[in-house]
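run.txt follows (compact mmCIF, C-alpha atoms):
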```txt
# COMPACT_ATOMS: atom_id res chain seq x y z
CA MET A 17 114.54 135.52 210.63
CA THR A 18 114.33 132.96 213.42
CA ASN A 19 117.13 132.06 215.82
CA LYS A 20 117.09 128.51 214.42
CA ALA A 21 117.87 129.76 210.93
CA ALA A 22 120.62 131.98 212.25
CA GLN A 23 122.18 129.06 214.12
CA LEU A 24 122.33 127.07 210.89
CA ALA A 25 124.63 129.62 209.24
CA CYS A 26 127.83 128.07 207.88
CA ASP A 27 130.80 128.73 205.62
CA TRP A 28 129.85 130.80 202.55
CA GLY A 29 132.53 128.98 200.59
CA GLN A 30 129.94 126.29 199.85
CA PHE A 31 127.85 128.71 197.79
CA ALA A 32 128.14 131.03 194.85
CA ALA A 33 126.26 134.29 195.42
CA SER A 34 126.16 137.86 194.23
CA GLU A 35 124.27 140.74 195.89
CA VAL A 36 122.09 139.29 198.66
CA PHE A 37 120.38 141.08 201.55
CA SER A 38 121.23 140.11 205.14
CA GLU A 39 118.08 138.09 205.86
CA PRO A 40 118.18 136.13 202.56
CA GLU A 41 121.85 135.51 203.37
CA GLN A 42 120.82 133.86 206.59
CA LEU A 43 118.15 131.87 204.77
CA LEU A 44 120.64 130.55 202.28
CA ALA A 45 123.10 129.68 205.04
CA ALA A 46 120.32 127.88 206.92
CA PHE A 47 119.70 125.64 203.92
CA SER A 48 123.39 124.84 203.51
CA SER A 49 123.17 122.00 206.01
CA THR A 50 120.27 120.25 204.27
CA PRO A 51 121.82 117.98 201.62
CA THR A 52 118.49 116.96 200.06
CA VAL A 53 116.56 120.25 200.04
CA GLY A 54 117.44 122.71 197.30
CA PHE A 55 117.26 126.47 197.84
CA ALA A 56 117.69 129.42 195.49
CA ILE A 57 117.32 133.18 195.68
CA PHE A 58 116.06 135.20 192.67
CA ASP A 59 116.05 138.93 192.14
CA ASN A 60 112.98 140.83 190.95
CA GLN A 61 113.98 140.09 187.34
CA LEU A 62 113.80 136.34 188.12
CA ARG A 63 117.55 135.92 187.81
CA TYR A 64 119.41 133.50 190.07
CA GLN A 65 121.35 135.33 192.78
CA ALA A 66 122.37 132.34 194.91
CA VAL A 67 121.94 128.57 195.08
CA ASN A 68 122.88 125.98 197.68
CA GLN A 69 124.83 122.81 196.92
CA ALA A 70 121.74 120.59 197.17
CA LEU A 71 120.05 122.48 194.33
CA VAL A 72 123.23 122.27 192.25
CA GLU A 73 123.11 118.47 192.61
CA ILE A 74 119.36 118.30 191.94
CA ASN A 75 119.67 120.34 188.76
CA GLY A 76 122.92 118.72 187.66
CA ILE A 77 124.25 122.14 186.68
CA PRO A 78 127.22 123.98 188.29
CA ALA A 79 126.48 126.89 190.62
CA ASP A 80 128.19 129.48 188.39
CA ALA A 81 126.01 128.36 185.47
CA HIS A 82 122.96 129.58 187.41
CA LEU A 83 124.08 132.98 188.65
CA GLY A 84 122.78 136.02 186.80
CA LYS A 85 120.60 133.87 184.53
CA THR A 86 116.89 133.21 184.42
CA VAL A 87 115.21 129.83 184.60
CA ARG A 88 114.54 130.15 180.87
CA GLN A 89 118.24 130.64 180.14
CA VAL A 90 119.28 127.72 182.35
CA PHE A 91 116.55 125.16 181.57
CA GLY A 92 114.78 126.34 178.42
CA ASP A 93 111.29 127.50 177.51
CA ALA A 94 109.34 124.39 178.53
CA ILE A 95 110.29 124.58 182.20
CA ALA A 96 110.28 128.39 182.33
CA GLU A 97 106.69 128.53 181.11
CA ARG A 98 105.67 126.44 184.10
CA VAL A 99 107.58 128.15 186.91
CA GLU A 100 108.00 131.81 185.92
CA PRO A 101 104.28 132.71 186.21
CA ALA A 102 104.32 131.35 189.78
CA PHE A 103 107.48 133.30 190.61
CA GLU A 104 105.99 136.51 189.21
CA HIS A 105 102.82 135.96 191.22
CA VAL A 106 104.78 135.77 194.47
CA LEU A 107 106.84 138.87 193.63
CA THR A 108 103.70 140.83 192.70
CA THR A 109 101.37 139.78 195.53
CA GLY A 110 103.88 139.08 198.28
CA GLN A 111 102.08 135.83 199.03
CA ARG A 112 103.70 132.44 199.46
CA LEU A 113 102.95 129.78 196.88
CA GLN A 114 103.52 126.04 196.60
CA PHE A 115 103.25 124.04 193.41
CA GLU A 116 104.45 120.77 191.89
CA ILE A 117 106.34 120.47 188.64
CA THR A 118 106.98 117.47 186.43
CA ALA A 119 109.64 117.89 183.75
CA LYS A 120 112.80 116.49 182.19
CA LEU A 121 115.87 118.49 183.06
CA PRO A 122 118.59 118.90 180.42
CA SER A 123 121.00 117.03 182.69
CA ARG A 124 118.72 113.98 183.02
CA THR A 125 117.41 111.26 180.76
CA GLU A 126 114.15 110.66 182.63
CA VAL A 127 111.26 112.80 183.81
CA GLY A 128 111.50 114.06 187.40
CA HIS A 129 109.07 115.46 189.95
CA TRP A 130 109.60 118.36 192.37
CA ILE A 131 107.65 120.45 194.87
CA ASP A 132 108.56 124.16 194.86
CA ASN A 133 107.79 126.46 197.78
CA CYS A 134 108.11 130.14 196.85
CA VAL A 135 108.59 132.76 199.58
CA PRO A 136 108.77 136.56 199.10
CA LEU A 137 111.90 138.16 200.61
CA ARG A 138 111.50 141.74 201.79
CA ASP A 139 114.03 144.46 202.52
CA ALA A 140 114.09 146.69 205.63
CA THR A 141 111.21 148.79 204.27
CA GLY A 142 108.97 145.77 203.73
CA THR A 143 109.25 145.89 199.95
CA VAL A 144 109.54 142.54 198.14
CA ARG A 145 112.95 142.63 196.49
CA GLN A 146 113.80 138.98 196.10
CA LEU A 147 112.27 135.54 195.90
CA GLY A 148 113.31 132.45 197.86
CA VAL A 149 112.48 129.04 196.39
CA VAL A 150 112.72 125.79 198.33
CA VAL A 151 112.91 122.73 196.05
CA VAL A 152 112.16 119.20 197.28
CA GLU A 153 112.51 116.32 194.83
CA VAL A 154 109.77 113.67 195.03
CA THR A 155 110.70 111.62 191.96
CA ASN A 156 111.33 108.39 193.89
CA ARG A 157 108.13 108.78 195.86
CA LYS A 158 106.18 109.24 192.64
CA ARG A 159 107.76 106.18 191.10
CA LEU A 160 106.92 104.11 194.14
CA GLY A 161 103.36 105.33 194.02
CA GLN A 162 103.06 104.47 190.33
CA SER A 163 104.59 101.00 190.77
CA ALA A 164 102.64 100.16 193.93
CA PRO A 165 99.51 98.83 192.15
CA SER A 166 101.58 96.55 189.91
CA LEU A 167 103.68 95.33 192.83
CA THR A 168 100.58 94.74 194.94
CA SER A 169 99.01 92.76 192.13
CA ARG A 170 102.08 90.56 191.78
CA LEU A 171 102.27 89.99 195.53
CA LEU A 172 98.60 89.03 195.62
CA ARG A 173 99.15 86.53 192.79
CA ILE A 174 102.12 85.09 194.65
CA ARG A 175 100.08 84.75 197.82
CA ASP A 176 97.18 83.14 195.94
CA THR A 177 99.54 80.64 194.32
CA GLU A 178 101.05 79.71 197.67
CA GLN A 179 97.58 79.26 199.13
CA ARG A 180 96.54 77.04 196.22
CA ARG A 181 99.62 74.89 196.74
CA VAL A 182 98.80 74.39 200.40
CA ALA A 183 95.13 73.71 199.60
CA ARG A 184 96.08 71.16 196.94
CA GLU A 185 98.49 69.41 199.28
CA LEU A 186 95.88 69.25 202.03
CA HIS A 187 93.22 67.94 199.63
CA ASP A 188 95.41 65.32 198.00
CA SER A 189 96.84 63.92 201.23
CA VAL A 190 95.34 64.83 204.58
CA ASN A 191 91.77 65.26 203.32
CA GLN A 192 91.79 61.84 201.65
CA ASN A 193 92.88 60.21 204.88
CA HIS A 194 90.21 62.12 206.77
CA ALA A 195 87.56 60.80 204.37
CA ALA A 196 88.75 57.21 204.83
CA LEU A 197 88.89 57.66 208.60
CA LYS A 198 85.33 58.97 208.62
CA MET A 199 84.09 55.90 206.69
CA ASN A 200 85.88 53.57 209.13
CA LEU A 201 84.30 55.31 212.10
CA GLY A 202 80.92 54.99 210.41
CA LEU A 203 81.41 51.24 210.05
CA LEU A 204 82.59 50.93 213.64
CA SER A 205 79.45 52.65 214.90
CA ARG A 206 77.18 50.02 213.37
CA PRO A 207 75.70 47.64 215.94
CA ARG A 208 76.22 44.62 213.69
CA CYS A 209 79.97 45.22 213.25
CA LYS A 210 81.72 41.94 214.05
CA PRO A 211 84.54 41.91 216.64
CA ALA A 212 87.10 40.78 214.05
CA ASP A 213 86.05 43.57 211.67
CA ARG A 214 86.05 46.06 214.53
CA GLU A 215 89.67 45.22 215.41
CA SER A 216 90.75 45.56 211.78
CA LEU A 217 88.91 48.86 211.33
CA LEU A 218 90.45 50.27 214.53
CA ALA A 219 93.95 49.32 213.32
CA GLN A 220 93.30 50.97 209.95
CA SER A 221 91.92 54.08 211.64
CA VAL A 222 94.98 54.44 213.90
CA ASP A 223 97.24 54.07 210.86
CA LEU A 224 95.27 56.71 208.92
CA LEU A 225 95.46 59.08 211.89
CA GLU A 226 99.22 58.61 212.13
CA GLN A 227 99.52 59.40 208.42
CA CYS A 228 97.47 62.59 208.92
CA ILE A 229 99.74 63.68 211.77
CA SER A 230 102.86 62.95 209.71
CA LYS A 231 101.61 64.75 206.60
CA THR A 232 100.38 67.74 208.61
CA ARG A 233 103.80 68.01 210.23
CA THR A 234 105.47 67.80 206.82
CA ILE A 235 103.26 70.55 205.36
CA SER A 236 103.88 72.73 208.40
CA HIS A 237 107.64 72.23 208.09
CA LEU A 238 107.57 73.03 204.39
CA LEU A 239 105.74 76.28 205.06
CA HIS A 240 108.36 77.28 207.63
CA PRO A 241 110.81 74.60 208.82
CA PRO A 242 111.70 74.85 212.53
CA LEU A 243 115.33 74.12 211.64
CA LEU A 244 115.47 77.47 209.86
CA ASP A 245 114.91 79.22 213.19
CA GLU A 246 116.88 76.79 215.32
CA LYS A 247 119.94 75.94 213.20
CA GLY A 248 119.98 78.27 210.21
CA PHE A 249 119.79 77.97 206.44
CA ALA A 250 122.39 75.22 205.89
CA SER A 251 120.67 72.77 208.25
CA ALA A 252 117.19 73.60 206.93
CA ALA A 253 118.42 73.23 203.34
CA ARG A 254 119.88 69.77 203.99
CA TRP A 255 116.65 68.67 205.69
CA TYR A 256 114.52 69.95 202.81
CA VAL A 257 116.78 68.49 200.13
CA LYS A 258 116.68 65.06 201.78
CA GLY A 259 112.88 64.99 201.68
CA PHE A 260 112.79 66.43 198.16
CA SER A 261 115.14 63.73 196.86
CA GLN A 262 113.04 61.01 198.44
CA ARG A 263 109.84 62.34 196.92
CA SER A 264 111.18 63.25 193.46
CA GLY A 265 113.91 60.68 192.86
CA ILE A 266 116.30 63.51 191.93
CA GLN A 267 119.77 63.44 193.44
CA VAL A 268 120.57 66.81 195.01
CA ASN A 269 124.16 67.64 195.96
CA VAL A 270 124.40 70.37 198.58
CA ASN A 271 127.71 72.22 198.70
CA CYS A 272 127.78 74.61 201.65
CA ALA A 273 129.97 74.79 204.70
CA PRO A 274 128.45 74.50 208.19
CA GLU A 275 127.31 77.88 209.40
CA GLN A 276 129.73 79.52 211.82
CA GLU A 277 127.60 82.65 212.19
CA ARG A 278 123.92 83.09 211.55
CA MET A 279 122.75 85.25 208.69
CA PRO A 280 119.99 87.85 209.10
CA VAL A 281 116.64 86.14 209.48
CA ARG A 282 115.17 87.82 206.38
CA VAL A 283 118.09 86.59 204.27
CA GLU A 284 117.74 83.01 205.53
CA ILE A 285 114.02 82.93 204.76
CA VAL A 286 114.50 84.31 201.24
CA LEU A 287 117.31 81.84 200.48
CA PHE A 288 115.13 78.96 201.65
CA ARG A 289 112.21 80.07 199.44
CA ILE A 290 114.54 80.43 196.45
CA LEU A 291 115.82 76.90 197.05
CA GLN A 292 112.28 75.52 197.29
CA GLU A 293 111.11 77.21 194.11
CA ALA A 294 114.23 76.38 192.09
CA LEU A 295 114.08 72.69 193.02
CA SER A 296 110.35 72.59 192.30
CA ASN A 297 110.93 74.07 188.84
CA ALA A 298 113.75 71.60 188.18
CA TYR A 299 111.42 68.71 189.04
CA ARG A 300 108.54 69.99 186.91
CA HIS A 301 110.39 71.28 183.86
CA ALA A 302 114.04 70.26 183.62
CA HIS A 303 113.74 66.46 183.33
CA THR A 304 116.98 66.14 185.23
CA SER A 305 118.31 63.39 187.49
CA VAL A 306 120.85 65.56 189.33
CA VAL A 307 120.76 69.06 190.83
CA ASP A 308 123.72 70.85 192.41
CA VAL A 309 123.23 73.47 195.11
CA TYR A 310 126.04 75.85 196.06
CA LEU A 311 126.05 78.34 198.92
CA GLU A 312 128.97 80.74 199.23
CA ARG A 313 129.14 83.24 202.04
CA LYS A 314 131.55 86.15 202.30
CA SER A 315 131.80 89.00 204.76
CA ASP A 316 129.61 91.32 202.73
CA ARG A 317 127.35 89.00 200.72
CA VAL A 318 125.93 85.50 200.30
CA SER A 319 125.37 83.67 197.00
CA LEU A 320 123.04 80.76 196.29
CA VAL A 321 123.26 78.80 193.03
CA VAL A 322 120.89 75.99 192.02
CA GLN A 323 122.04 74.19 188.87
CA ASP A 324 120.25 71.36 187.12
CA HIS A 325 121.52 69.26 184.23
CA GLY A 326 118.31 68.95 182.30
CA GLN A 327 116.97 70.04 178.95
CA GLY A 328 117.24 73.78 179.53
CA ILE A 329 114.73 76.56 178.88
CA PRO A 330 113.73 77.48 175.30
CA ALA A 331 115.48 80.65 174.14
CA GLU A 332 112.30 82.69 173.71
CA GLU A 333 110.99 81.76 177.17
CA LEU A 334 114.42 82.40 178.71
CA GLN A 335 114.49 85.91 177.26
CA ARG A 336 111.09 86.66 178.78
CA LEU A 337 112.26 85.40 182.15
CA GLN A 338 115.49 87.41 182.02
CA THR A 339 113.74 90.64 181.04
CA ASN A 340 110.99 90.17 183.63
CA ILE A 341 108.33 90.33 180.92
CA GLY A 342 106.98 86.82 181.22
CA GLY A 343 107.31 83.75 183.37
CA GLY A 344 105.24 82.18 186.06
CA VAL A 345 104.41 83.44 189.48
CA GLY A 346 107.22 81.35 190.97
CA VAL A 347 109.93 83.22 189.08
CA SER A 348 108.29 86.56 189.88
CA SER A 349 108.21 85.56 193.53
CA MET A 350 111.93 84.74 193.56
CA ARG A 351 112.81 87.99 191.82
CA GLU A 352 110.67 90.11 194.15
CA ARG A 353 112.11 88.46 197.26
CA ILE A 354 115.68 89.09 196.10
CA HIS A 355 115.09 92.67 194.97
CA GLU A 356 113.44 93.47 198.30
CA LEU A 357 116.83 92.80 199.91
CA ARG A 358 118.65 94.80 197.19
CA GLY A 359 120.12 91.61 195.76
CA VAL A 360 120.66 90.27 192.25
CA PHE A 361 118.62 87.45 190.71
CA GLU A 362 119.66 85.72 187.49
CA ILE A 363 118.59 82.80 185.32
CA GLN A 364 120.95 81.28 182.75
CA SER A 365 120.09 78.27 180.61
CA ASP A 366 121.27 76.28 177.61
CA ARG A 367 121.17 72.69 176.42
CA SER A 368 123.32 71.58 179.36
CA GLY A 369 120.81 72.77 181.96
CA THR A 370 119.60 75.78 183.92
CA VAL A 371 121.34 77.85 186.58
CA VAL A 372 119.35 79.95 189.04
CA SER A 373 121.51 82.28 191.11
CA ALA A 374 120.83 84.82 193.83
CA ARG A 375 123.29 87.23 195.45
CA ILE A 376 122.25 89.14 198.56
CA PRO A 377 124.32 91.79 200.35
CA LEU A 378 124.76 91.27 204.07
CA TYR A 379 124.22 94.74 205.47
CA GLN A 380 124.99 95.45 209.08
CA LYS A 381 121.48 96.78 209.64
CA LEU A 382 119.93 93.43 208.68
CA VAL A 383 120.62 92.02 212.15
CA ARG A 384 118.89 89.01 213.54
CA PRO A 385 116.36 89.75 216.31
CA SER A 386 116.90 88.14 219.69
CA ARG A 387 114.44 85.74 221.23
CA ASN A 388 112.71 88.52 223.13
CA GLY A 389 112.04 90.34 219.85
CA LYS A 390 114.54 93.15 220.45
CA LEU A 391 117.42 93.99 218.15
```
Kindly return the structure encoded in the file as structure tokens.
Amino acid sequence: MTNKAAQLACDWGQFAASEVFSEPEQLLAAFSSTPTVGFAIFDNQLRYQAVNQALVEINGIPADAHLGKTVRQVFGDAIAERVEPAFEHVLTTGQRLQFEITAKLPSRTEVGHWIDNCVPLRDATGTVRQLGVVVVEVTNRKRLGQSAPSLTSRLLRIRDTEQRRVARELHDSVNQNHAALKMNLGLLSRPRCKPADRESLLAQSVDLLEQCISKTRTISHLLHPPLLDEKGFASAARWYVKGFSQRSGIQVNVNCAPEQERMPVRVEIVLFRILQEALSNAYRHAHTSVVDVYLERKSDRVSLVVQDHGQGIPAEELQRLQTNIGGGVGVSSMRERIHELRGVFEIQSDRSGTVVSARIPLYQKLVRPSRNGKL
């Protein structure tokens, strides 16, 4: 037994144990301070002799329901057939063994995943008398690994859609002006171009260049408005809504108080993207003349609601959107952005219109970085 393990010894009142040798006792005490790592001691008949509180919580079974019983008696045949051969191997050979188990415990409704490390425990004569088992749950890690390909695919689709939007905007506006400017310059380069024509072509070319500069600035601001960094979400939202109303002809009423304190930068960016996508969907699908935007901020959360007064979403399509089974990339993008911040995203719709809402908790750890990049 190492000095480190001995130093970790704590109150035995946290555990239920029967006959345990001195070194296993220290082992068990050492694992008492690890709330996420389970530990159990078995005798040479594979009966539980002691468990720590972490293993009690992992198994979902009280400590006294383990003691004196085998794995088969506690969990049933299916799990016992997987772990008991490994336990017996360690007791027989005196060699350590690590293995992974996937099973559904009686106390759970879903399948879980664990890594078991089995260690032989010897008495003063060197004889293996007991077995120590360290249990680490990896269920969440497995789930993340299984969902990663799907999440990556969705994120790639979202990125591709955003890139197509930018490409389309550049082609339909800036690129057209560039083509016209190129033709004007070609005419100006001709030796036979008359002075009067040259003056007119120069004026047209300057105007086209000014339009390119203006549209490039607009696209840049839409991708990431400077006001979002300088003034915060409320100011950036009002700027965006003003331009949106001018372009779409839709009246947008913004109801949010001036910001007294900045929100975390990640929250502000997500709220702005939700606003952009919700207004875009209202323009394309709702056939509405008015949209109301509400921002409510409290000490522990912020809520954004975008409500149109259009024709609503068909019931079948709404159900797909609400269950995350169907819907376009835009809705998936909004949902992913909100869930990344542990928020709640909802869509409600009927014949009176559609309501898109997002609620994001304002955790202390989501602090805004300073200008020098430090927290």
Can you check which parts of stretch 284-308 of chain A lie within 12 Å of stretch 350-355 of chain A? Per residue, the shortest pair of atoms and distance in Å to one decimal, counting only C-alpha atoms, sorted by chain and number, as a Markdown table.
```
| residue | atom | partner | partner_atom | distance |
| --- | --- | --- | --- | --- |
| A:Glu284 | CA | A:Arg353 | CA | 11.4 |
| A:Ile285 | CA | A:Arg353 | CA | 9.5 |
| A:Val286 | CA | A:Arg353 | CA | 6.2 |
| A:Leu287 | CA | A:Ile354 | CA | 8.6 |
| A:Phe288 | CA | A:Met350 | CA | 10.4 |
| A:Arg289 | CA | A:Met350 | CA | 7.5 |
| A:Ile290 | CA | A:Met350 | CA | 5.8 |
| A:Leu291 | CA | A:Met350 | CA | 9.4 |
| A:Gln292 | CA | A:Met350 | CA | 10.0 |
| A:Glu293 | CA | A:Met350 | CA | 7.6 |
| A:Ala294 | CA | A:Met350 | CA | 8.8 |
| A:Asn297 | CA | A:Met350 | CA | 11.7 |
```
*Skipping near chain neighbours, those fewer than 2 positions away, what residues fall within 10 Å of A:Thr304 using all atoms listed in the file, listed as an MDAnalysis selection string?*
chainID A and resid 265:267 298:302 306:307 324:328 369
*Which distance in Å separates atom CA of A:Asn75 and atom CA of A:Trp130, to one decimal?*
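One can read the atom CA of A:Asn75 to atom CA of A:Trp130 distance as 10.9 Å.
Proximity to A:Arg63 at 7 Å, evaluated using all atoms listed in the file and with sequence-adjacent residues fewer than 5 positions away removed, yields Phe58, Gly84, Lys85 and Thr86 of chain A.
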*Atomic distance atom CA of A:Gly92 - atom CA of A:Asp80, expressed in Å with one decimal*: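 Spanning atom CA of A:Gly92 to atom CA of A:Asp80 is a straight-line distance of 17.0 Å.
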*What separation in Å, quoted to one decimal, exists between atom CA of A:Phe115 and atom CA of A:Glu97?*
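About the pair atom CA of A:Phe115 and atom CA of A:Glu97: they are 13.5 Å apart.
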*Option closest in space to A:Arg282, from A:Tyr64, A:Phe249, A:Phe55, A:Phe260 [counting only C-alpha atoms]*: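 Comparing A:Tyr64, A:Phe249, A:Phe55, A:Phe260 against A:Arg282, the winner is A:Phe249.
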*Looking at all atoms listed in the file, which of A:Val72, A:Ser373, A:Ser365, A:His129 is the one that sits closest to A:Val322?*
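For A:Val322, the nearest of the given residues is A:Ser373.
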